[in-house]
$ cat upload17.csv   # CSV, C-alpha atoms and all ligand atoms
chain,number,residue,atom,x,y,z
A,225,MET,CA,0.0,0.0,0.0
A,226,GLN,CA,1.3,3.5,-0.7
A,227,THR,CA,0.4,6.6,1.3
A,228,GLU,CA,1.5,10.2,1.2
A,229,ILE,CA,4.1,11.3,3.8
A,230,LYS,CA,5.3,14.8,4.8
A,231,ASP,CA,8.4,16.2,3.1
A,232,GLU,CA,10.8,17.2,5.8
A,233,ARG,CA,13.3,18.4,3.1
A,234,GLN,CA,10.9,21.3,2.3
A,235,GLY,CA,11.3,20.8,-1.4
A,236,TRP,CA,15.2,20.9,-1.4
A,237,THR,CA,17.7,18.2,-2.1
A,238,SER,CA,18.8,15.9,0.7
A,239,ALA,CA,21.9,14.0,1.6
A,240,SER,CA,20.0,10.7,1.4
A,241,SER,CA,19.8,11.2,-2.4
A,242,ALA,CA,23.4,12.4,-2.9
A,243,ALA,CA,24.7,9.3,-4.7
A,244,MET,CA,21.7,9.1,-7.1
A,245,ASP,CA,21.7,12.9,-7.7
A,246,LYS,CA,25.3,12.7,-8.7
A,247,ARG,CA,24.7,10.0,-11.2
A,248,CYS,CA,21.6,11.7,-12.7
A,249,PRO,CA,21.8,15.5,-12.3
A,250,GLY,CA,18.2,15.8,-13.6
A,251,ARG,CA,16.8,13.4,-11.1
A,252,PHE,CA,15.8,15.9,-8.3
A,253,LEU,CA,13.7,18.1,-10.5
A,254,ALA,CA,12.2,15.2,-12.4
A,255,GLN,CA,10.7,14.0,-9.1
A,256,LYS,CA,9.6,17.4,-7.9
A,257,ASN,CA,5.9,17.4,-6.8
A,258,LEU,CA,5.5,13.7,-7.3
A,259,PRO,CA,4.1,12.2,-4.1
A,260,GLU,CA,6.4,10.6,-1.5
A,261,VAL,CA,5.5,7.0,-1.1
A,262,LYS,CA,5.7,4.7,1.9
A,263,THR,CA,6.7,1.1,1.2
A,264,ASP,CA,6.9,-1.9,3.6
A,265,ALA,CA,10.7,-1.8,3.4
A,266,ALA,CA,10.8,1.9,4.2
A,267,GLU,CA,8.3,1.4,7.1
A,268,HIS,CA,10.5,-1.4,8.5
A,269,GLY,CA,13.5,1.0,8.5
A,270,ARG,CA,11.5,3.9,9.9
A,271,ALA,CA,10.3,1.9,12.9
A,272,ILE,CA,13.8,0.8,13.8
A,273,HIS,CA,15.2,4.4,13.3
A,274,GLU,CA,12.4,5.8,15.5
A,275,ALA,CA,13.2,3.2,18.2
A,276,LEU,CA,16.9,4.1,18.1
A,277,LYS,CA,16.0,7.8,18.3
A,278,LYS,CA,14.0,7.1,21.5
A,279,GLN,CA,16.3,4.3,22.7
A,280,ASP,CA,13.2,2.3,23.3
A,281,ALA,CA,12.2,-0.9,21.4
A,282,THR,CA,8.6,-0.8,22.4
A,283,GLY,CA,6.3,-1.6,19.5
A,284,LEU,CA,9.0,-3.3,17.4
A,285,ASP,CA,8.4,-6.8,16.2
A,286,PHE,CA,10.9,-9.5,17.1
A,287,GLY,CA,13.1,-9.2,14.0
A,288,GLN,CA,13.2,-5.4,14.2
A,289,GLU,CA,14.2,-5.6,17.9
A,290,GLU,CA,17.1,-7.9,17.1
A,291,ILE,CA,18.4,-5.3,14.5
A,292,TYR,CA,17.8,-2.5,17.0
A,293,GLN,CA,19.8,-4.2,19.7
A,294,ALA,CA,22.6,-5.0,17.3
A,295,CYS,CA,22.8,-1.4,16.1
A,296,ARG,CA,23.2,-0.2,19.7
A,297,THR,CA,25.9,-2.8,20.5
A,298,ILE,CA,27.9,-2.0,17.4
A,299,GLU,CA,27.5,1.7,17.9
A,300,ALA,CA,28.9,1.5,21.5
A,301,LYS,CA,31.8,-0.5,20.1
A,302,VAL,CA,32.7,2.0,17.3
A,303,VAL,CA,32.2,5.0,19.7
A,304,ALA,CA,34.6,3.4,22.2
A,305,GLN,CA,37.1,2.8,19.4
A,306,PHE,CA,36.8,6.3,17.9
A,307,PHE,CA,37.0,8.3,21.1
A,308,SER,CA,39.4,5.8,22.9
A,309,ILE,CA,37.0,5.4,25.8
A,310,ASP,CA,35.7,2.2,27.6
A,311,GLN,CA,32.5,0.4,26.5
A,312,ALA,CA,30.5,1.5,29.5
A,313,THR,CA,31.2,5.2,28.9
A,314,ALA,CA,30.4,4.7,25.2
A,315,GLU,CA,27.1,3.1,26.0
A,316,ALA,CA,26.2,6.1,28.2
A,317,SER,CA,27.1,8.6,25.5
A,318,LYS,CA,24.2,10.9,24.6
A,319,PRO,CA,24.5,11.7,20.8
A,320,PHE,CA,22.3,14.0,18.7
A,321,ARG,CA,19.8,11.6,17.3
A,322,GLU,CA,17.8,12.0,14.1
A,323,GLN,CA,18.5,15.7,13.7
A,324,ARG,CA,18.3,17.4,10.3
A,325,TYR,CA,21.1,19.8,9.5
A,326,TRP,CA,20.8,22.6,6.9
A,327,ILE,CA,23.0,24.7,4.8
A,328,HIS,CA,21.8,27.9,3.1
A,329,TRP,CA,24.3,29.1,0.4
A,330,LYS,CA,24.7,32.7,-0.7
A,331,ASP,CA,23.3,31.8,-4.2
A,332,ASP,CA,20.0,31.0,-2.4
A,333,LEU,CA,20.4,27.2,-2.7
A,334,GLN,CA,19.5,25.1,0.3
A,335,HIS,CA,20.4,21.5,1.2
A,336,SER,CA,19.9,19.3,4.2
A,337,GLY,CA,20.5,15.9,5.7
A,338,GLN,CA,19.1,14.0,8.6
A,339,ILE,CA,21.9,12.3,10.7
A,340,ASP,CA,20.9,9.1,12.5
A,341,SER,CA,23.4,9.6,15.4
A,342,ALA,CA,26.2,12.2,15.9
A,343,HIS,CA,28.6,11.9,18.8
A,344,LYS,CA,30.7,15.0,19.5
A,345,VAL,CA,33.6,15.3,22.0
A,346,LYS,CA,35.3,18.7,21.9
A,347,THR,CA,36.4,19.2,18.3
A,348,ARG,CA,36.0,15.6,17.1
A,349,ALA,CA,32.8,14.0,16.0
A,350,LEU,CA,31.6,10.6,14.8
A,351,ILE,CA,28.6,10.4,12.4
A,352,VAL,CA,26.7,7.1,12.4
A,353,GLU,CA,24.3,5.9,9.7
A,354,TYR,CA,22.1,2.9,10.4
A,355,LYS,CA,21.1,0.6,7.6
A,356,THR,CA,18.5,-1.9,8.7
A,357,LEU,CA,18.3,-4.1,5.6
A,358,ALA,CA,20.9,-6.5,4.1
A,359,GLY,CA,21.2,-4.9,0.7
A,360,ASP,CA,24.5,-3.5,-0.7
A,361,VAL,CA,25.4,-0.1,0.8
A,362,PRO,CA,28.7,1.6,0.0
A,363,GLY,CA,31.1,1.6,2.9
A,364,SER,CA,31.7,4.9,4.5
A,365,PRO,CA,34.7,6.0,2.2
A,366,GLU,CA,32.5,5.9,-0.9
A,367,ASN,CA,29.3,6.8,0.7
A,368,ALA,CA,28.1,10.1,-0.7
A,369,GLN,CA,25.3,10.5,1.8
A,370,LEU,CA,27.8,10.3,4.7
A,371,ARG,CA,30.1,12.8,2.9
A,372,ASP,CA,27.2,15.2,2.7
A,373,GLN,CA,26.5,14.7,6.4
A,374,VAL,CA,30.1,15.5,7.3
A,375,CYS,CA,29.8,18.8,5.5
A,376,LEU,CA,26.4,19.6,7.0
A,377,PHE,CA,27.5,18.8,10.6
A,378,ASP,CA,30.8,20.7,10.2
A,379,HIS,CA,28.9,23.7,8.8
A,380,ASN,CA,26.6,23.7,11.7
A,381,TYR,CA,29.7,23.9,14.0
A,382,ALA,CA,31.0,26.9,12.0
A,383,GLY,CA,33.8,24.8,10.5
A,384,LEU,CA,35.5,24.4,13.9
A,385,LEU,CA,35.7,20.6,14.0
A,386,THR,CA,39.2,19.2,13.5
A,387,GLU,CA,38.2,15.6,12.6
A,388,ILE,CA,34.9,13.8,11.7
A,389,GLY,CA,34.6,10.1,11.5
A,390,THR,CA,31.8,8.3,9.6
A,391,VAL,CA,30.5,4.8,9.9
A,392,VAL,CA,27.7,2.7,8.4
A,393,ILE,CA,26.2,0.4,10.9
A,394,GLN,CA,24.5,-2.5,9.0
A,395,PRO,CA,24.1,-5.4,11.4
A,396,LEU,CA,22.8,-7.8,8.7
A,397,VAL,CA,26.1,-7.3,6.8
A,398,THR,CA,28.8,-6.8,9.5
A,399,HIS,CA,29.3,-6.2,13.2
A,400,SER,CA,32.8,-4.7,12.6
A,401,PRO,CA,32.3,-1.7,10.4
A,402,LYS,CA,35.2,0.5,9.3
A,403,ILE,CA,35.4,4.1,10.3
A,404,THR,CA,36.4,6.7,7.7
A,405,ILE,CA,38.1,9.8,8.9
A,406,TYR,CA,37.6,13.3,7.4
A,407,LYS,CA,40.3,15.8,8.5
A,408,ARG,CA,39.9,19.6,8.5
A,409,GLU,CA,41.9,19.9,5.3
A,410,HIS,CA,39.4,17.6,3.4
A,411,MET,CA,36.3,19.8,4.3
A,412,ALA,CA,36.7,22.6,1.7
A,413,GLN,CA,37.0,20.0,-1.1
A,414,VAL,CA,33.9,17.9,-0.1
A,415,MET,CA,31.9,21.1,0.6
A,416,LYS,CA,32.7,22.4,-2.9
A,417,ALA,CA,31.7,19.0,-4.5
A,418,MET,CA,28.4,19.0,-2.6
A,419,HIS,CA,27.6,22.6,-3.7
A,420,GLU,CA,28.3,21.8,-7.3
A,421,ARG,CA,26.1,18.7,-7.2
A,422,VAL,CA,23.2,20.5,-5.5
A,423,ALA,CA,23.5,23.4,-8.1
A,424,ALA,CA,23.3,20.8,-10.9
A,425,SER,CA,20.3,19.2,-9.3
A,426,ASN,CA,18.5,22.5,-9.2
A,427,ASN,CA,19.3,23.4,-12.8
A,428,PRO,CA,16.4,22.7,-15.1
A,429,ASN,CA,18.8,22.2,-18.0
A,430,SER,CA,20.7,19.4,-16.3
A,431,PRO,CA,20.5,16.1,-18.2
A,432,ARG,CA,18.6,13.1,-17.0
A,433,VAL,CA,21.1,10.2,-17.1
A,434,PRO,CA,19.5,6.8,-16.6
A,435,GLY,CA,21.2,3.9,-14.8
A,436,GLU,CA,20.5,1.0,-12.5
A,437,VAL,CA,21.3,2.7,-9.2
A,438,GLN,CA,19.7,6.1,-9.8
A,439,CYS,CA,16.5,4.9,-11.5
A,440,LYS,CA,15.8,2.1,-9.1
A,441,PHE,CA,13.9,4.2,-6.5
A,442,CYS,CA,13.3,7.3,-8.7
A,443,LYS,CA,9.7,8.4,-8.4
A,444,ALA,CA,9.9,9.7,-12.0
A,445,ALA,CA,10.5,6.1,-13.1
A,446,SER,CA,7.7,4.5,-11.1
A,447,ALA,CA,5.3,7.3,-12.1
A,448,GLY,CA,6.1,6.8,-15.7
A,449,VAL,CA,7.1,10.4,-16.4
A,450,CYS,CA,10.7,10.0,-17.5
A,451,LYS,CA,11.3,9.6,-21.2
A,452,GLU,CA,15.0,8.9,-20.7
A,453,TYR,CA,14.3,6.1,-18.3
A,454,ASN,CA,11.7,4.6,-20.6
A,455,GLN,CA,14.0,4.6,-23.6
A,456,TRP,CA,16.9,3.1,-21.6
A,457,ALA,CA,14.9,0.5,-19.7
A,458,ALA,CA,12.6,-0.6,-22.5
A,459,SER,CA,15.6,-1.1,-24.9
A,460,SER,CA,17.9,-2.7,-22.3
A,461,VAL,CA,17.2,-6.2,-23.6
A,462,MET,CA,15.1,-5.7,-26.8
A,463,ALA,CA,17.5,-3.2,-28.5
A,464,ASN,CA,20.2,-5.8,-28.5
A,465,THR,CA,19.5,-7.4,-31.9
A,466,SER,CA,22.0,-10.1,-31.3
A,467,LEU,CA,19.6,-11.5,-28.6
A,468,VAL,CA,16.4,-10.9,-30.5
A,469,ASP,CA,17.5,-12.5,-33.8
A,470,VAL,CA,18.5,-15.9,-32.5
A,471,PRO,CA,16.6,-18.4,-30.3
A,472,VAL,CA,17.6,-18.5,-26.6
A,473,SER,CA,19.0,-22.0,-26.9
A,474,GLU,CA,21.6,-20.7,-29.4
A,475,TRP,CA,22.8,-17.7,-27.4
A,476,THR,CA,26.5,-17.7,-26.9
A,477,PRO,CA,27.9,-17.3,-23.3
A,478,ALA,CA,28.5,-13.6,-24.0
A,479,GLN,CA,24.9,-13.1,-25.1
A,480,CYS,CA,23.7,-14.9,-21.9
A,481,VAL,CA,25.8,-12.4,-19.9
A,482,ILE,CA,24.2,-9.5,-21.7
A,483,PHE,CA,20.7,-10.9,-21.0
A,484,LEU,CA,21.4,-11.6,-17.3
A,485,ASP,CA,23.0,-8.2,-16.7
A,486,LYS,CA,20.0,-6.4,-18.2
A,487,MET,CA,17.2,-8.7,-17.0
A,488,GLY,CA,16.6,-6.8,-13.7
A,489,VAL,CA,16.2,-3.4,-15.5
A,490,ALA,CA,13.8,-4.9,-18.0
A,491,GLN,CA,11.8,-6.6,-15.3
A,492,LYS,CA,11.5,-3.5,-13.2
A,493,TRP,CA,10.4,-1.5,-16.3
A,494,LEU,CA,7.7,-4.1,-17.0
A,495,ASP,CA,6.6,-4.0,-13.3
A,496,ASN,CA,6.4,-0.1,-13.4
A,497,CYS,CA,4.4,-0.2,-16.6
A,498,LYS,CA,2.0,-2.8,-15.2
A,499,GLU,CA,1.4,-0.7,-12.0
A,500,ALA,CA,0.8,2.4,-14.2
A,501,MET,CA,-1.8,0.4,-16.2
A,502,LYS,CA,-3.6,-0.6,-13.0
A,503,ALA,CA,-3.5,3.0,-11.7
A,504,ARG,CA,-5.1,4.2,-15.0
A,505,ILE,CA,-8.0,1.7,-14.8
A,506,LYS,CA,-8.5,2.4,-11.1
A,507,ALA,CA,-8.9,6.1,-11.9
A,508,ASP,CA,-11.1,5.4,-14.9
A,509,PRO,CA,-12.6,1.9,-15.5
A,510,ASN,CA,-12.9,2.6,-19.3
A,511,ALA,CA,-9.4,4.0,-19.7
A,512,ILE,CA,-7.9,0.9,-21.5
A,513,PRO,CA,-10.2,-0.8,-24.2
A,514,GLY,CA,-10.8,-4.5,-23.4
A,515,TRP,CA,-9.1,-4.4,-20.0
A,516,LYS,CA,-10.5,-4.2,-16.4
A,517,LEU,CA,-9.3,-4.7,-12.8
A,518,GLU,CA,-10.4,-8.1,-11.5
A,519,ASP,CA,-11.2,-8.4,-7.8
A,520,GLY,CA,-8.3,-10.1,-5.9
A,521,ASP,CA,-8.7,-13.5,-4.2
A,522,GLU,CA,-9.5,-13.5,-0.5
A,523,ARG,CA,-6.9,-15.4,1.6
A,524,GLN,CA,-8.0,-16.6,5.1
A,525,THR,CA,-5.6,-17.3,8.0
A,526,ILE,CA,-6.7,-19.5,10.9
A,527,ILE,CA,-6.0,-17.5,14.1
A,528,ASN,CA,-7.4,-19.4,17.0
A,529,ALA,CA,-6.1,-22.9,16.9
A,530,GLN,CA,-7.7,-23.9,20.3
A,531,SER,CA,-11.2,-23.1,19.1
A,532,VAL,CA,-10.6,-24.8,15.8
A,533,PHE,CA,-9.3,-27.9,17.6
A,534,GLU,CA,-12.4,-28.0,19.8
A,535,ARG,CA,-14.7,-28.0,16.8
A,536,PHE,CA,-12.4,-30.5,15.0
A,537,SER,CA,-12.8,-32.8,18.1
A,538,GLU,CA,-16.5,-32.4,18.0
A,539,ILE,CA,-16.7,-34.0,14.6
A,540,GLY,CA,-14.5,-36.9,15.8
A,541,GLY,CA,-11.0,-35.6,14.9
A,542,SER,CA,-8.1,-36.7,17.2
A,543,LEU,CA,-5.2,-34.6,18.4
A,544,ALA,CA,-2.8,-36.6,16.2
A,545,GLN,CA,-5.0,-35.9,13.1
A,546,PHE,CA,-5.2,-32.2,14.1
A,547,MET,CA,-1.4,-31.9,14.5
A,548,ASP,CA,-1.0,-33.3,11.0
A,549,CYS,CA,-2.6,-30.1,9.8
A,550,ILE,CA,-0.4,-27.8,11.8
A,551,GLY,CA,2.8,-26.2,10.4
A,552,ILE,CA,5.1,-24.3,12.8
A,553,GLY,CA,6.9,-21.3,11.4
A,554,LYS,CA,10.5,-21.3,12.6
A,555,GLY,CA,10.5,-17.5,12.9
A,556,ASP,CA,7.3,-17.5,15.1
A,557,LEU,CA,8.8,-20.3,17.3
A,558,LYS,CA,12.0,-18.3,17.7
A,559,LYS,CA,10.0,-15.2,18.7
A,560,SER,CA,8.1,-17.2,21.2
A,561,ILE,CA,11.2,-18.8,22.7
A,562,ALA,CA,12.8,-15.3,22.9
A,563,GLY,CA,9.7,-14.1,24.9
A,564,ILE,CA,10.0,-17.0,27.3
A,565,THR,CA,13.8,-17.2,27.8
A,566,LYS,CA,14.7,-13.5,27.0
A,567,ALA,CA,17.7,-15.0,25.0
A,568,ARG,CA,19.0,-13.1,22.1
A,569,GLY,CA,21.5,-13.6,19.2
A,570,LYS,CA,23.6,-16.8,19.3
A,571,THR,CA,22.1,-17.9,22.6
A,572,LEU,CA,18.7,-17.7,21.1
A,573,GLU,CA,19.8,-19.7,18.0
A,574,LYS,CA,21.0,-22.4,20.3
A,575,GLU,CA,17.8,-22.4,22.3
A,576,LEU,CA,15.8,-22.7,19.1
A,577,GLU,CA,18.0,-25.6,17.8
A,578,ALA,CA,17.6,-27.4,21.2
A,579,VAL,CA,13.8,-27.0,21.1
A,580,ILE,CA,13.5,-28.2,17.5
A,581,GLY,CA,15.9,-31.1,18.0
A,582,LYS,CA,15.7,-33.5,15.2
A,583,ASP,CA,12.0,-32.9,14.6
A,584,PHE,CA,12.2,-31.1,11.2
A,585,THR,CA,12.5,-31.9,7.6
A,586,ALA,CA,14.6,-29.9,5.2
A,587,LYS,CA,13.8,-29.0,1.6
A,588,VAL,CA,16.4,-27.5,-0.6
A,589,CYS,CA,14.9,-24.8,-2.8
A,590,GLU,CA,15.6,-24.5,-6.6
A,591,PRO,CA,19.0,-22.9,-7.2
A,592,SER,CA,18.8,-19.2,-8.1
A,593,LEU,CA,20.9,-17.1,-10.5
A,594,ALA,CA,23.5,-15.0,-8.8
A,595,ARG,CA,26.6,-13.0,-9.9
A,596,LYS,CA,29.9,-14.6,-9.0
A,597,LYS,CA,31.9,-12.6,-6.5
A,598,GLU,CA,35.1,-11.2,-8.2
A,601,LIG,S1,14.1,7.9,-13.9
A,601,LIG,FE1,16.3,7.7,-14.0
A,601,LIG,S2,16.9,9.0,-15.8
A,601,LIG,FE2,14.8,9.6,-15.2
A,601,LIG,S3,15.1,11.3,-13.7
A,601,LIG,FE3,14.9,9.4,-12.5
A,601,LIG,S4,17.1,8.7,-12.2
A,601,LIG,FE4,17.1,10.2,-13.9
$ encode --input "upload17.csv" --output "structure tokens"
Amino acid sequence: MQTEIKDERQGWTSASSAAMDKRCPGRFLAQKNLPEVKTDAAEHGRAIHEALKKQDATGLDFGQEEIYQACRTIEAKVVAQFFSIDQATAEASKPFREQRYWIHWKDDLQHSGQIDSAHKVKTRALIVEYKTLAGDVPGSPENAQLRDQVCLFDHNYAGLLTEIGTVVIQPLVTHSPKITIYKREHMAQVMKAMHERVAASNNPNSPRVPGEVQCKFCKAASAGVCKEYNQWAASSVMANTSLVDVPVSEWTPAQCVIFLDKMGVAQKWLDNCKEAMKARIKADPNAIPGWKLEDGDERQTIINAQSVFERFSEIGGSLAQFMDCIGIGKGDLKKSIAGITKARGKTLEKELEAVIGKDFTAKVCEPSLARKKE
């Protein structure tokens, strides 16, 4: 489901889009006035960020709470390392959490960035960025969002900081993240690069440059309003005549690589187009000749096993027969064990293994296609 959410960036560029804006200078204006959307993945991240801001896990589901706790543990570790303090002092540290920092340039441009957590001791600071999913995120040296945050934080301290460290905390990838250091002498250069990029993003003549990274979450792509994206994505596979002119069974290994490299872009384009067709018919049932929206199937979930068992018994069913119908979700069982034992992390995994014992069957899923690691 998609709902509108408030724009805290007040219509200006933001650090969170820095990497994408750099790749496509036309991206910011192409998305202007298109509604912000809330997705399930974004909502998952928002809930954990909100809990980290309040330092209170109330309301998180079990999986979210595990990520929340891991973020706190890793943060205390990197804070202790960066400021050369003990773990207990690091855990008691009171950083600035989820604050948005702004810069207003003399040419009237503005730019901001929300920093998840910023620790400051005298003239040194450590900026922390939480990533709550497992997807690829550039480490802090190549991370354009963190570079912007360094500039914004430093600017808000009138350029008086001598050193700013940055770190991406992504528990589903690593518990030992690397800290990148920006010294005073780096600041002017990164600030200049940020201003140039923001100026390009606000220039109506800047080109739109399609590509996998920048188009993936661009609202202009999903709203179907970017010609450059349409041309690039639609032709990603089809324009390659070497693929179209021969049957798949005769593709050379090089042709297979072309297809696999482009398949994701083509699939995303097809999905975007399909959603656009559905939106049209939803707005006007006669918009597309010969097509309509069919009602979705209703799926029912049994929620009260005890009551169902009682009625099952009344018609002569035994407990053994009833248990044959029951499937236990490993995630739900883990959550329940965590609630009983209060165990977390590896201890919880061991508790789960001990409870399951040998009472499970394993099914190996079909292999999936994946890029080989270089
Ligand atoms: S869809 Fe792609 S090319 Fe078009 S504005 Fe967005 S990022 Fe740029």
$ axis_aligned_box --input "upload17.csv" --around "ligand LIG 601 (chain A)" --padding-each-side "4 Å" --output "lines of an AutoDock Vina configuration file"
center_x = 15.6
center_y = 9.5
center_z = -14.0
size_x = 11.0
size_y = 11.6
size_z = 11.6
$ residues_near_point --input "upload17.csv" --point "(21.3, -4.5, 9.7)" --cutoff "6 Å" --atoms "all atoms listed in the file" --output "number ranges by chain"
A: 291, 355-358, 394-396
$ atom_distance --input "upload17.csv" --atom1 "atom CA of Lys596 of chain A" --atom2 "atom CA of Leu484 of chain A"
12.3 Å
$ closest_residue --input "upload17.csv" --among "A:Ala458, A:Val422, A:Leu276, A:Cys549" --to "Ser241 of chain A" --atoms "only C-alpha atoms"
A:Val422
$ closest_atom_pairs --input "upload17.csv" --of "chain A" --to "ligand LIG 601 (chain A)" --cutoff "6 Å" --atoms "only C-alpha atoms and all ligand atoms" --output "JSON lines"
{"residue": "A:Cys248", "atom": "CA", "partner": "A:LIG601", "partner_atom": "FE4", "distance": 4.9}
{"residue": "A:Gly250", "atom": "CA", "partner": "A:LIG601", "partner_atom": "S3", "distance": 5.5}
{"residue": "A:Arg251", "atom": "CA", "partner": "A:LIG601", "partner_atom": "S3", "distance": 3.7}
{"residue": "A:Ala254", "atom": "CA", "partner": "A:LIG601", "partner_atom": "S3", "distance": 5.0}
{"residue": "A:Arg432", "atom": "CA", "partner": "A:LIG601", "partner_atom": "FE4", "distance": 4.5}
{"residue": "A:Val433", "atom": "CA", "partner": "A:LIG601", "partner_atom": "S2", "distance": 4.6}
{"residue": "A:Pro434", "atom": "CA", "partner": "A:LIG601", "partner_atom": "S2", "distance": 3.5}
{"residue": "A:Gln438", "atom": "CA", "partner": "A:LIG601", "partner_atom": "S4", "distance": 4.4}
{"residue": "A:Cys439", "atom": "CA", "partner": "A:LIG601", "partner_atom": "FE1", "distance": 3.8}
{"residue": "A:Cys442", "atom": "CA", "partner": "A:LIG601", "partner_atom": "FE3", "distance": 4.6}
{"residue": "A:Ala444", "atom": "CA", "partner": "A:LIG601", "partner_atom": "S1", "distance": 4.9}
{"residue": "A:Ala445", "atom": "CA", "partner": "A:LIG601", "partner_atom": "S1", "distance": 4.1}
{"residue": "A:Cys450", "atom": "CA", "partner": "A:LIG601", "partner_atom": "FE2", "distance": 4.7}
{"residue": "A:Glu452", "atom": "CA", "partner": "A:LIG601", "partner_atom": "S2", "distance": 5.3}
{"residue": "A:Tyr453", "atom": "CA", "partner": "A:LIG601", "partner_atom": "S2", "distance": 4.6}
$ residues_around --input "upload17.csv" --residues "Pro319 of chain A" --least-positions-apart "2" --cutoff "6 Å" --atoms "all atoms listed in the file" --output "list in words"
Arg321, Ser341, Ala342 and His343 of chain A
$ residues_around --input "upload17.csv" --residues "Phe377 of chain A" --least-positions-apart "2" --cutoff "12 Å" --atoms "all atoms listed in the file" --output "ChimeraX atom specification"
/A:239,320,323-327,336-344,347-352,370-375,379-385,387-390,406,411,415
$ atom_distance --input "upload17.csv" --atom1 "atom CA of Trp456 of chain A" --atom2 "atom CA of Pro428 of chain A"
20.7 Å
$ atom_distance --input "upload17.csv" --atom1 "atom CA of Val481 of chain A" --atom2 "atom CA of Trp493 of chain A"
19.2 Å
$ residues_around --input "upload17.csv" --residues "segment 519-534 of chain A" --least-positions-apart "6" --cutoff "9 Å" --atoms "only C-alpha atoms" --output "list in words"
Gly541, Ser542, Leu543 and Phe546 of chain A
$ residues_around --input "upload17.csv" --residues "Phe286 of chain A" --least-positions-apart "5" --cutoff "10 Å" --atoms "only C-alpha atoms" --output "PyMOL selection string"
chain A and resi 281+291-292+555-556+558-560+562-563
$ closest_residue --input "upload17.csv" --among "A:Phe536, A:Leu494, A:Phe306, A:Cys480" --to "Ile405 of chain A" --atoms "all atoms listed in the file"
A:Phe306
$ closest_residue --input "upload17.csv" --among "A:Lys440, A:Lys574, A:Lys402, A:Arg421" --to "Ala490 of chain A" --atoms "all atoms listed in the file"
A:Lys440
$ residues_around --input "upload17.csv" --residues "Lys554 of chain A" --least-positions-apart "2" --cutoff "12 Å" --atoms "all atoms listed in the file" --output "MDAnalysis selection string"
chainID A and resid 551:552 556:561 573 576:577 579:580 583:585
